[in-house]
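Coordinates from final-v9.tsv are shown below (TSV, C-alpha atoms and all ligand atoms).
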chain	number	residue	atom	x	y	z
A	22	MET	CA	9.93	64.65	-164.57
A	23	GLY	CA	10.13	66.76	-167.72
A	24	ALA	CA	7.91	69.40	-169.23
A	25	MET	CA	6.24	66.94	-171.57
A	26	LYS	CA	4.91	64.93	-168.66
A	27	TYR	CA	3.03	67.90	-167.26
A	28	GLN	CA	1.86	68.99	-170.66
A	29	ARG	CA	0.31	65.61	-171.29
A	30	THR	CA	-1.24	65.61	-167.87
A	31	ILE	CA	-2.89	68.99	-168.26
A	32	LEU	CA	-4.10	68.11	-171.74
A	33	GLY	CA	-5.72	65.06	-170.20
A	34	GLY	CA	-7.41	67.21	-167.60
A	35	VAL	CA	-8.83	69.44	-170.30
A	36	ALA	CA	-10.17	66.42	-172.12
A	37	MET	CA	-11.81	65.00	-169.00
A	38	THR	CA	-13.78	66.94	-166.47
A	39	PHE	CA	-13.45	70.19	-164.61
A	40	VAL	CA	-13.22	68.35	-161.30
A	41	VAL	CA	-10.30	66.30	-162.46
A	42	GLY	CA	-8.63	69.38	-163.85
A	43	VAL	CA	-8.80	71.07	-160.47
A	44	ALA	CA	-7.37	68.00	-158.77
A	45	ILE	CA	-4.43	67.94	-161.14
A	46	ALA	CA	-3.74	71.64	-160.77
A	47	THR	CA	-3.70	71.45	-156.99
A	48	SER	CA	-1.47	68.41	-156.96
A	49	VAL	CA	1.35	69.97	-158.93
A	50	PRO	CA	4.00	71.10	-156.43
A	51	ALA	CA	5.62	74.46	-156.94
A	52	ALA	CA	9.07	72.91	-156.84
A	53	SER	CA	8.22	70.55	-159.66
A	54	LEU	CA	6.72	73.34	-161.72
A	55	ALA	CA	10.05	75.09	-161.53
A	56	THR	CA	11.64	72.16	-163.36
A	57	ALA	CA	8.76	71.78	-165.78
A	58	GLY	CA	8.76	75.41	-166.90
A	59	SER	CA	6.26	78.03	-165.87
A	60	PHE	CA	2.70	76.98	-165.23
A	61	GLU	CA	1.49	79.69	-167.59
A	62	ALA	CA	3.65	78.30	-170.36
A	63	VAL	CA	2.28	74.82	-169.84
A	64	GLN	CA	-1.27	76.15	-169.86
A	65	ALA	CA	-0.57	77.98	-173.10
A	66	ASP	CA	0.72	74.78	-174.64
A	67	ALA	CA	-2.41	73.00	-173.48
A	68	VAL	CA	-4.65	75.57	-175.14
A	69	ALA	CA	-2.61	75.51	-178.33
A	70	GLY	CA	-2.87	71.74	-178.45
A	71	SER	CA	-6.46	71.48	-177.34
A	72	ALA	CA	-7.69	70.14	-180.68
A	73	GLN	CA	-5.42	67.14	-180.21
A	74	SER	CA	-6.76	66.48	-176.76
A	75	PHE	CA	-10.15	65.41	-178.10
A	76	ASP	CA	-8.82	62.79	-180.46
A	77	SER	CA	-10.55	60.02	-178.54
A	78	ALA	CA	-14.30	59.57	-178.51
A	79	ALA	CA	-14.03	57.62	-175.26
A	80	GLU	CA	-12.28	60.53	-173.58
A	81	ALA	CA	-14.75	63.08	-174.87
A	82	ALA	CA	-17.57	60.96	-173.46
A	83	GLY	CA	-15.91	60.80	-170.05
A	84	ALA	CA	-15.45	57.05	-170.00
A	85	ALA	CA	-12.78	55.56	-167.76
A	86	VAL	CA	-9.40	55.61	-169.43
A	87	SER	CA	-5.81	55.12	-168.37
A	88	ARG	CA	-2.79	56.53	-170.15
A	89	ASP	CA	0.30	58.58	-169.65
A	90	GLY	CA	0.28	58.14	-165.91
A	91	TYR	CA	-3.17	59.31	-164.99
A	92	VAL	CA	-6.35	57.40	-164.44
A	93	ILE	CA	-9.87	58.75	-164.72
A	94	HIS	CA	-13.02	57.12	-163.44
A	95	THR	CA	-16.62	58.09	-163.26
A	96	PRO	CA	-16.93	60.08	-160.03
A	97	THR	CA	-19.20	58.78	-157.32
A	98	PRO	CA	-20.59	60.81	-154.40
A	99	THR	CA	-18.63	60.60	-151.19
A	100	PRO	CA	-20.00	61.22	-147.71
A	101	THR	CA	-19.01	64.43	-145.94
A	102	PRO	CA	-15.87	63.49	-144.02
A	103	THR	CA	-15.67	64.09	-140.30
A	104	PRO	CA	-12.29	63.35	-138.72
A	105	LYS	CA	-12.62	61.75	-135.30
A	106	PRO	CA	-10.42	60.27	-132.58
A	107	VAL	CA	-9.66	56.68	-133.50
A	108	ALA	CA	-7.78	53.72	-132.04
A	109	THR	CA	-4.20	53.57	-133.31
A	110	SER	CA	-1.44	50.99	-133.18
A	111	GLN	CA	2.31	50.62	-133.20
A	112	GLY	CA	3.11	48.64	-136.32
A	113	GLY	CA	0.67	46.01	-137.50
A	114	TYR	CA	1.40	46.34	-141.21
A	115	GLY	CA	2.78	42.84	-141.79
A	116	GLY	CA	1.47	39.59	-143.20
A	117	GLY	CA	0.48	38.06	-139.87
A	118	GLN	CA	-1.84	40.94	-139.08
A	119	CYS	CA	-3.20	40.75	-142.61
A	120	GLN	CA	-4.08	37.08	-142.20
A	121	ALA	CA	-5.65	37.63	-138.78
A	122	GLY	CA	-7.64	40.59	-140.03
A	123	ALA	CA	-8.94	38.74	-143.06
A	124	ASP	CA	-9.93	35.81	-140.84
A	125	ALA	CA	-12.05	38.21	-138.80
A	126	ALA	CA	-13.51	40.05	-141.80
A	127	ALA	CA	-16.60	39.23	-143.81
A	128	GLU	CA	-16.12	38.47	-147.50
A	129	SER	CA	-15.68	41.71	-149.46
A	130	THR	CA	-18.62	42.20	-151.81
A	131	ALA	CA	-17.97	45.75	-152.99
A	132	PHE	CA	-14.90	47.56	-154.29
A	133	SER	CA	-13.79	51.12	-154.98
A	134	TRP	CA	-10.83	53.06	-156.32
A	135	VAL	CA	-8.87	55.01	-153.73
A	136	TYR	CA	-9.92	58.15	-155.64
A	137	PRO	CA	-13.08	57.37	-157.63
A	138	GLY	CA	-12.98	60.86	-159.12
A	139	GLY	CA	-9.55	60.31	-160.62
A	140	TYR	CA	-5.96	61.05	-159.68
A	141	ARG	CA	-2.59	61.57	-161.28
A	142	GLN	CA	-0.06	58.81	-160.83
A	143	SER	CA	3.56	59.66	-160.26
A	144	ASP	CA	5.76	56.72	-159.25
A	145	GLY	CA	4.28	53.32	-159.96
A	146	PHE	CA	5.05	49.96	-158.38
A	147	GLY	CA	8.56	48.69	-158.99
A	148	PRO	CA	12.21	49.75	-159.09
A	149	ARG	CA	13.11	53.43	-158.91
A	150	ALA	CA	16.22	55.45	-158.13
A	151	GLU	CA	15.63	55.44	-154.35
A	152	GLY	CA	15.06	51.66	-154.30
A	153	PHE	CA	12.13	49.36	-154.93
A	154	HIS	CA	8.83	51.25	-154.65
A	155	LYS	CA	6.38	48.94	-152.93
A	156	GLY	CA	3.26	50.87	-153.87
A	157	VAL	CA	1.73	53.39	-156.23
A	158	ASP	CA	1.83	57.15	-155.61
A	159	MET	CA	-1.57	58.64	-156.37
A	160	LEU	CA	-1.45	62.44	-156.50
A	161	ASN	CA	-4.39	64.55	-155.47
A	162	GLY	CA	-5.04	67.86	-153.74
A	163	GLU	CA	-4.72	68.44	-150.01
A	164	GLY	CA	-7.82	67.30	-148.17
A	165	VAL	CA	-9.25	65.17	-150.97
A	166	PRO	CA	-11.05	62.19	-149.35
A	167	VAL	CA	-9.27	58.82	-149.49
A	168	GLN	CA	-11.64	55.88	-149.83
A	169	ALA	CA	-11.40	52.25	-148.72
A	170	ILE	CA	-10.96	49.97	-151.73
A	171	ALA	CA	-13.15	47.19	-150.36
A	172	ASP	CA	-15.27	46.10	-147.43
A	173	GLY	CA	-13.01	45.12	-144.56
A	174	ILE	CA	-11.67	45.93	-141.12
A	175	VAL	CA	-8.91	48.23	-139.89
A	176	ILE	CA	-5.85	46.27	-138.75
A	177	ALA	CA	-3.40	49.13	-138.19
A	178	ALA	CA	-3.48	52.90	-137.98
A	179	SER	CA	-0.91	55.50	-137.04
A	180	GLY	CA	-1.60	59.12	-136.31
A	181	ASP	CA	1.88	60.19	-135.29
A	182	GLY	CA	4.25	60.03	-138.19
A	183	GLY	CA	7.15	57.87	-139.22
A	184	THR	CA	8.05	57.62	-142.87
A	185	GLY	CA	4.47	56.69	-143.74
A	186	GLY	CA	3.10	59.66	-141.84
A	187	VAL	CA	-0.53	59.31	-140.84
A	188	CYS	CA	-1.40	55.92	-142.30
A	189	ILE	CA	-3.81	53.04	-142.12
A	190	SER	CA	-4.09	49.41	-143.19
A	191	LEU	CA	-7.26	47.47	-143.93
A	192	ALA	CA	-7.79	43.72	-144.19
A	193	HIS	CA	-10.19	42.37	-146.78
A	194	LYS	CA	-11.25	38.85	-147.68
A	195	VAL	CA	-11.59	38.43	-151.43
A	196	GLY	CA	-12.71	34.99	-152.57
A	197	GLY	CA	-11.56	33.74	-149.19
A	198	VAL	CA	-8.04	35.10	-149.73
A	199	PRO	CA	-6.50	37.80	-147.50
A	200	VAL	CA	-5.96	41.08	-149.35
A	201	CYS	CA	-4.67	44.01	-147.30
A	202	SER	CA	-4.55	47.63	-148.39
A	203	MET	CA	-2.31	50.32	-146.92
A	204	TYR	CA	-2.65	54.08	-147.37
A	205	MET	CA	0.03	56.60	-146.30
A	206	HIS	CA	0.62	60.35	-145.82
A	207	PHE	CA	-2.86	61.49	-144.70
A	208	LEU	CA	-3.34	64.96	-143.28
A	209	ASP	CA	-2.62	65.24	-139.58
A	210	GLY	CA	-5.72	64.43	-137.55
A	211	SER	CA	-7.71	63.19	-140.52
A	212	LEU	CA	-7.96	59.47	-139.78
A	213	MET	CA	-11.65	58.51	-139.88
A	214	ALA	CA	-11.37	54.87	-138.92
A	215	GLY	CA	-9.38	53.13	-136.21
A	216	VAL	CA	-8.07	49.70	-135.37
A	217	GLY	CA	-10.91	47.19	-135.16
A	218	ASP	CA	-13.42	49.32	-137.06
A	219	THR	CA	-15.40	47.80	-139.89
A	220	VAL	CA	-15.30	49.80	-143.14
A	221	ALA	CA	-17.26	49.59	-146.36
A	222	ALA	CA	-15.93	49.92	-149.88
A	223	GLY	CA	-15.80	53.60	-150.80
A	224	GLN	CA	-15.95	54.76	-147.17
A	225	VAL	CA	-13.76	57.81	-146.50
A	226	ILE	CA	-10.94	56.74	-144.18
A	227	GLY	CA	-8.82	59.89	-144.24
A	228	LEU	CA	-7.85	63.01	-146.15
A	229	THR	CA	-5.00	63.44	-148.62
A	230	GLY	CA	-1.90	65.03	-147.15
A	231	ARG	CA	1.88	64.82	-147.16
A	232	THR	CA	2.80	63.68	-143.65
A	233	GLY	CA	5.87	61.50	-143.27
A	234	ASN	CA	8.33	61.05	-146.11
A	235	ALA	CA	6.41	62.84	-148.87
A	236	THR	CA	7.32	65.74	-151.10
A	237	THR	CA	3.80	66.58	-152.23
A	238	GLU	CA	0.20	65.75	-151.42
A	239	HIS	CA	-0.52	62.16	-152.42
A	240	THR	CA	-1.47	58.74	-151.17
A	241	HIS	CA	1.16	56.03	-151.30
A	242	PHE	CA	-0.99	52.94	-151.75
A	243	GLU	CA	0.08	49.33	-151.21
A	244	LEU	CA	-1.51	45.90	-151.49
A	245	TYR	CA	-0.20	42.79	-149.75
A	246	GLY	CA	-1.29	39.39	-148.58
A	247	ALA	CA	-0.72	36.96	-145.74
A	248	ASP	CA	2.95	36.67	-146.69
A	249	GLY	CA	3.37	40.43	-146.23
A	250	VAL	CA	4.84	40.79	-149.73
A	251	ARG	CA	3.65	43.89	-151.55
A	252	TYR	CA	2.42	43.55	-155.12
A	253	ASP	CA	1.24	45.89	-157.88
A	254	PRO	CA	-2.20	47.12	-156.78
A	255	ILE	CA	-3.38	48.46	-160.13
A	256	PRO	CA	-4.36	45.15	-161.78
A	257	PHE	CA	-6.37	44.27	-158.67
A	258	LEU	CA	-8.21	47.62	-158.76
A	259	VAL	CA	-8.87	47.34	-162.48
A	260	GLU	CA	-10.27	43.83	-162.04
A	261	HIS	CA	-12.46	44.55	-159.01
A	262	ALA	CA	-13.26	48.27	-159.01
A	263	GLY	CA	-13.60	48.61	-162.78
B	301	ZN	ZN	5.25	56.00	-152.74
What is this structure when it is put down as structure tokens?
Amino acid sequence: MGAMKYQRTILGGVAMTFVVGVAIATSVPAASLATAGSFEAVQADAVAGSAQSFDSAAEAAGAAVSRDGYVIHTPTPTPTPTPKPVATSQGGYGGGQCQAGADAAAESTAFSWVYPGGYRQSDGFGPRAEGFHKGVDMLNGEGVPVQAIADGIVIAASGDGGTGGVCISLAHKVGGVPVCSMYMHFLDGSLMAGVGDTVAAGQVIGLTGRTGNATTEHTHFELYGADGVRYDPIPFLVEHAG
């Protein structure tokens, strides 16, 4: 990732809200900054180019926009998170469990973004150097609450690592069709829902971390159905969570 990427990102933060700016700053890993040039230099560029960062009336007004790898939404209040002991599982992240979970779930009537306050996207869904990326990497600061994208039930949860680290899967029923969401790399001990629990859209299910195979704080987010095949989650979120 080159210097221009970070410059654009920070410009976007300036154009949006202070909260989003903080989230972006805390999500930039020191190692990546070393390749992007000094943070001070990037900030200076952002200030120098600040006039250009308000070239969109929609941005200045704080409306939801998506460009250059980051997505901003109108923030919504989140409940104060309280990590608790929860029921965990070995596996359970496949299509069969998704179908069974959706069968047991009520129809989802509400939807949310994983981070309603905004996040910075790094790798999207699709091919990348390390192989096919089956989800979207949503960068945010350590401890930022991760929210369920829809009403549903917990079908799998792991608190003890593996490549996904502390992770969780939820089953939803959307128009009668199974839709399952998976969230990886939570902070140790931060799971707030366990297998069999019912969750509501926007409910905090864990806190952003980097457990498992992760190089910085983020949530690797996947969507899949009864066939277990992962698909691009962004169009679904745009359609349902707005
Ligand atoms: Zn990922």
Would you list the contacts of segment 186-189 of chain A as JSON, numbers by chain, taking every protein, DNA or RNA residue within 9 Å and counting all atoms listed in the file, but skipping same-chain residues closer than 2 positions in sequence? {"A": [109, 114, 175, 176, 177, 178, 179, 180, 181, 182, 183, 184, 191, 202, 203, 204, 205, 206, 207, 208, 209, 210, 211, 212, 214, 215, 216, 226, 227, 230, 231, 232, 233, 234, 235]}
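Each of A:Arg251, A:Arg149, A:His241, A:Arg141 was checked against ligand ZN 301 (chain B) using only C-alpha atoms and all ligand atoms; the smallest atom-to-atom distance is that of A:His241.
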What does the distance from atom CA of Gly263 of chain A to atom CA of Ala222 of chain A come to in Å, to one decimal? 13.2 Å
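Between ligand ZN 301 (chain B) and the residues A:Leu160, A:Ile174, A:Val200, A:Leu258, the shortest atom-to-atom distance, using only C-alpha atoms and all ligand atoms, involves A:Leu160.
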Let me see if you get this right: every residue at most 8 Å from ligand ZN 301 (chain B), counting all atoms listed in the file, written as number ranges by chain. A: 144-145, 154-158, 235, 240-242
